[in-house]
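Colleague: Right, I'll just put the structure down here and ask away after.
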Amino acid sequence: MSLITGVLYAALVAYLGGWYVGQWHGNFSLLLFVLTLVTLVYWLAERYKFQPEREAAAAKLVAEDESRRAQLASQGIAQVDGNVAQARDKLLMQPWWLDWTAGLFPVICAVFLMRSFLFEPFKIPSGSMIPTLLVGDLILVNKFHYGVRLPVINKKIIANNEPQRGDVMVFRYPVNTSLDYIKRVVGVPGDEIAYINKSLTINGKPIEKTAMAEFYDEDSLRYYSRYMENLAPMKHSVIEDKNRPGFIPQQAVEDFPGRENCRYSGEGVVCKVPPGHYFMMGDNRDNSLDSRFWGFVPDENIVGKAFVIWMNFGDFKRIGFFQ
């Protein structure tokens, strides 16, 4: 068993190493599920096989020692050298391969359940949600806000709240579901979304946009126009690049399902959101690969609602709830 455990750990290290250096994309939910199952098998084997065997061997050792001492006592030998306590403790001790498998099961199981049904941490990798979320922000995502879903397959089994305009949502990227994206919900099923000349209109109603002080991006060392956008009842900040046009280059648009629901022009895009889907946009409007480029997010791709920055090691003032 120690050899098998060593091989399993070597495979795990190789998988994580390749994932880290970008050789392949990993599915962390699936990895946690597999680790939970594997450690559960070891935990059950320890509880019902290996531990009873060690306890039986230790009990046999103690019984034999007591029998030997009784025989020697009957012969008038009262003092006997040797102490089986250390040998008994060694027999009862878990071998390393059980300590690092069965011993980890409760922890891995707790992490798997918490991550699957309660909260999941994410790190913001890009600037598409500036100024709301910055690169390096560590956020928490509420996994049950939009309903309880089975881990790995992401199948909803208990409905809860429906996504609302203005929610910041994590979802599986429709083009490659092994990747998680984070954007803001702009359109819900049935909405007609128009983003023309950098102005957002929903169902024919222009969305109020109030100018704010310019936003300075420390990474690009540039100033951007900043606005307060009112996706009632949600208000949030967006930024725009004055030097970039509002239209979407046709060569950048994916051939996504429901493409016929969108009309592209030299001024922007108009899309009708199909049932069971959502239209997502980044708050960094001119630097966000979102539904304008790759289409709608189906309900089955939803991961959860982002709601709090729990850490940013470069700026502790970032910690807190956001809209």
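Ligands are numbered from 1 in the order shown, chains are lettered A, B, ... in the order of the structure tokens, and residues start at 1 in each chain.
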Could you make a table, as JSON lines, of the residues of segment 300-320 of chain A that have an atom within 12 Å of an atom of segment 185-192 of chain A, each with its nearest atom pair and distance in Å to one decimal, counting only C-alpha atoms, in chain and number order?

Modeller:
{"residue": "A:Ile302", "atom": "CA", "partner": "A:Val185", "partner_atom": "CA", "distance": 11.3}
{"residue": "A:Gly304", "atom": "CA", "partner": "A:Val185", "partner_atom": "CA", "distance": 11.9}
{"residue": "A:Lys305", "atom": "CA", "partner": "A:Val185", "partner_atom": "CA", "distance": 10.2}
{"residue": "A:Ala306", "atom": "CA", "partner": "A:Val185", "partner_atom": "CA", "distance": 11.4}

Colleague: Only N, CA, C and O atoms, please: the residues just picked out, written as a CSV table (one decimal), in the first residue's frame.

Modeller:
chain,number,residue,atom,x,y,z
A,302,ILE,N,-23.6,28.9,-14.6
A,302,ILE,CA,-23.4,29.8,-13.4
A,302,ILE,C,-22.7,29.1,-12.3
A,302,ILE,O,-23.0,28.0,-11.9
A,304,GLY,N,-21.6,31.2,-9.2
A,304,GLY,CA,-22.1,31.9,-8.0
A,304,GLY,C,-22.0,33.4,-8.1
A,304,GLY,O,-21.5,34.0,-9.1
A,305,LYS,N,-22.4,34.1,-7.0
A,305,LYS,CA,-22.4,35.5,-7.0
A,305,LYS,C,-21.2,36.0,-6.2
A,305,LYS,O,-21.1,35.6,-5.0
A,306,ALA,N,-20.4,36.8,-6.8
A,306,ALA,CA,-19.3,37.4,-6.1
A,306,ALA,C,-19.8,38.6,-5.2
A,306,ALA,O,-20.6,39.4,-5.6

Colleague: Could you pull the residues within 9 Å of Leu118 of chain A, counting only C-alpha atoms, minus those fewer than 2 positions along the same chain, as an MDAnalysis selection string?

Modeller: chainID A and resid 113:116 120 141:145 148

Colleague: Quick one: write out the picked residues with N, CA, C and O atoms as an mmCIF file, in the first residue's frame?

Modeller:
data_model
loop_
_atom_site.group_PDB
_atom_site.id
_atom_site.type_symbol
_atom_site.label_atom_id
_atom_site.label_comp_id
_atom_site.auth_asym_id
_atom_site.auth_seq_id
_atom_site.Cartn_x
_atom_site.Cartn_y
_atom_site.Cartn_z
ATOM 1 N N LEU A 113 -16.977 20.135 0.567
ATOM 2 C CA LEU A 113 -18.380 20.481 0.814
ATOM 3 C C LEU A 113 -18.570 21.995 0.917
ATOM 4 O O LEU A 113 -19.524 22.548 0.358
ATOM 5 N N MET A 114 -17.646 22.665 1.625
ATOM 6 C CA MET A 114 -17.764 24.117 1.772
ATOM 7 C C MET A 114 -17.610 24.815 0.422
ATOM 8 O O MET A 114 -18.372 25.720 0.074
ATOM 9 N N ARG A 115 -16.619 24.374 -0.352
ATOM 10 C CA ARG A 115 -16.369 24.986 -1.650
ATOM 11 C C ARG A 115 -17.484 24.690 -2.643
ATOM 12 O O ARG A 115 -17.778 25.505 -3.525
ATOM 13 N N SER A 116 -18.113 23.530 -2.531
ATOM 14 C CA SER A 116 -19.140 23.126 -3.479
ATOM 15 C C SER A 116 -20.486 23.773 -3.202
ATOM 16 O O SER A 116 -21.233 24.089 -4.137
ATOM 17 N N GLU A 120 -16.735 29.893 -2.413
ATOM 18 C CA GLU A 120 -15.547 29.486 -3.158
ATOM 19 C C GLU A 120 -14.654 30.705 -3.368
ATOM 20 O O GLU A 120 -15.137 31.778 -3.750
ATOM 21 N N VAL A 141 -17.093 33.883 -3.504
ATOM 22 C CA VAL A 141 -18.291 33.721 -4.318
ATOM 23 C C VAL A 141 -19.310 32.896 -3.544
ATOM 24 O O VAL A 141 -18.986 31.825 -3.015
ATOM 25 N N ASN A 142 -20.512 33.419 -3.451
ATOM 26 C CA ASN A 142 -21.613 32.725 -2.784
ATOM 27 C C ASN A 142 -22.142 31.654 -3.731
ATOM 28 O O ASN A 142 -22.723 31.960 -4.778
ATOM 29 N N LYS A 143 -21.967 30.375 -3.385
ATOM 30 C CA LYS A 143 -22.329 29.286 -4.274
ATOM 31 C C LYS A 143 -23.816 28.920 -4.212
ATOM 32 O O LYS A 143 -24.313 28.243 -5.112
ATOM 33 N N PHE A 144 -24.518 29.329 -3.149
ATOM 34 C CA PHE A 144 -25.925 28.924 -3.020
ATOM 35 C C PHE A 144 -26.901 30.043 -3.334
ATOM 36 O O PHE A 144 -28.116 29.817 -3.342
ATOM 37 N N HIS A 145 -26.389 31.250 -3.622
ATOM 38 C CA HIS A 145 -27.288 32.385 -3.856
ATOM 39 C C HIS A 145 -28.218 32.131 -5.042
ATOM 40 O O HIS A 145 -29.397 32.475 -5.015
ATOM 41 N N VAL A 148 -28.735 25.641 -5.260
ATOM 42 C CA VAL A 148 -27.782 24.585 -4.903
ATOM 43 C C VAL A 148 -27.530 23.716 -6.131
ATOM 44 O O VAL A 148 -28.464 23.235 -6.774
#

Colleague: In Å, rounded to a single decimal, give me how far atom CA of Gly268 of chain A is from atom CA of Ser199 of chain A.

Modeller: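 Distance between the two atoms: 9.2 Å.
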
Colleague: Do a neighbour search on Lys123 of chain A at 9 Å with only C-alpha atoms, toss out local chain neighbours closer than 4 positions, and write the hits as a list in words.

Modeller: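 The neighbour list is Val135, Gly136, Asp137, Leu138, Ile139 and Leu140 of chain A.
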
Colleague: What is the distance between atom CA of Glu208 of chain A and atom CA of Leu231 of chain A, in Å to one decimal?

Modeller: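 Atom-to-atom, atom CA of Glu208 of chain A to atom CA of Leu231 of chain A, that is 7.9 Å.
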
Colleague: Taking the DSSP secondary structure from the backbone, can you list the residues of segment 62-248 of chain A that are alpha helix (DSSP H), as a PyMOL selection string?

Modeller: chain A and resi 62-74+85-92+96-99+105-117

Colleague: Env of Asn230 of chain A: 8 Å cut, atoms = only C-alpha atoms, seq-sep filter 5 positions within chain, self excluded. Answer as a count of residues only.

Modeller: 5

Colleague: Got a sec: who's within 8 Å of Ser265 of chain A, counting only C-alpha atoms, leaving out chain neighbours fewer than 4 positions off, as a list in words?

Modeller: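 What passes the distance filter is Phe247, Ile248 and Val269 of chain A.
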
Colleague: Can you tell me, as a PDB file with C-alpha atoms, in the first residue's frame, what residues are no more than 8 Å from Asp283 of chain A when counting only C-alpha atoms, ignoring any on the same chain fewer than 4 positions away?

Modeller:
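Contents of part-v3.pdb, freshly written:
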ATOM      1  CA  SER A 128     -11.845  43.521 -17.179  1.00  0.00           C
ATOM      2  CA  MET A 129     -13.773  44.428 -13.995  1.00  0.00           C
ATOM      3  CA  ILE A 130     -11.808  47.592 -13.122  1.00  0.00           C
ATOM      4  CA  PRO A 131     -12.669  49.770 -11.210  1.00  0.00           C
ATOM      5  CA  THR A 132     -14.885  47.402  -9.167  1.00  0.00           C
ATOM      6  CA  LYS A 183     -18.455  39.800 -15.261  1.00  0.00           C
ATOM      7  CA  ARG A 184     -21.518  41.870 -14.396  1.00  0.00           C
ATOM      8  CA  SER A 237     -18.734  52.384 -11.499  1.00  0.00           C
ATOM      9  CA  VAL A 238     -17.541  51.767 -15.045  1.00  0.00           C
ATOM     10  CA  ILE A 239     -14.565  53.140 -16.946  1.00  0.00           C
ATOM     11  CA  SER A 288     -13.367  43.350 -21.508  1.00  0.00           C
TER      12      SER A 288
END
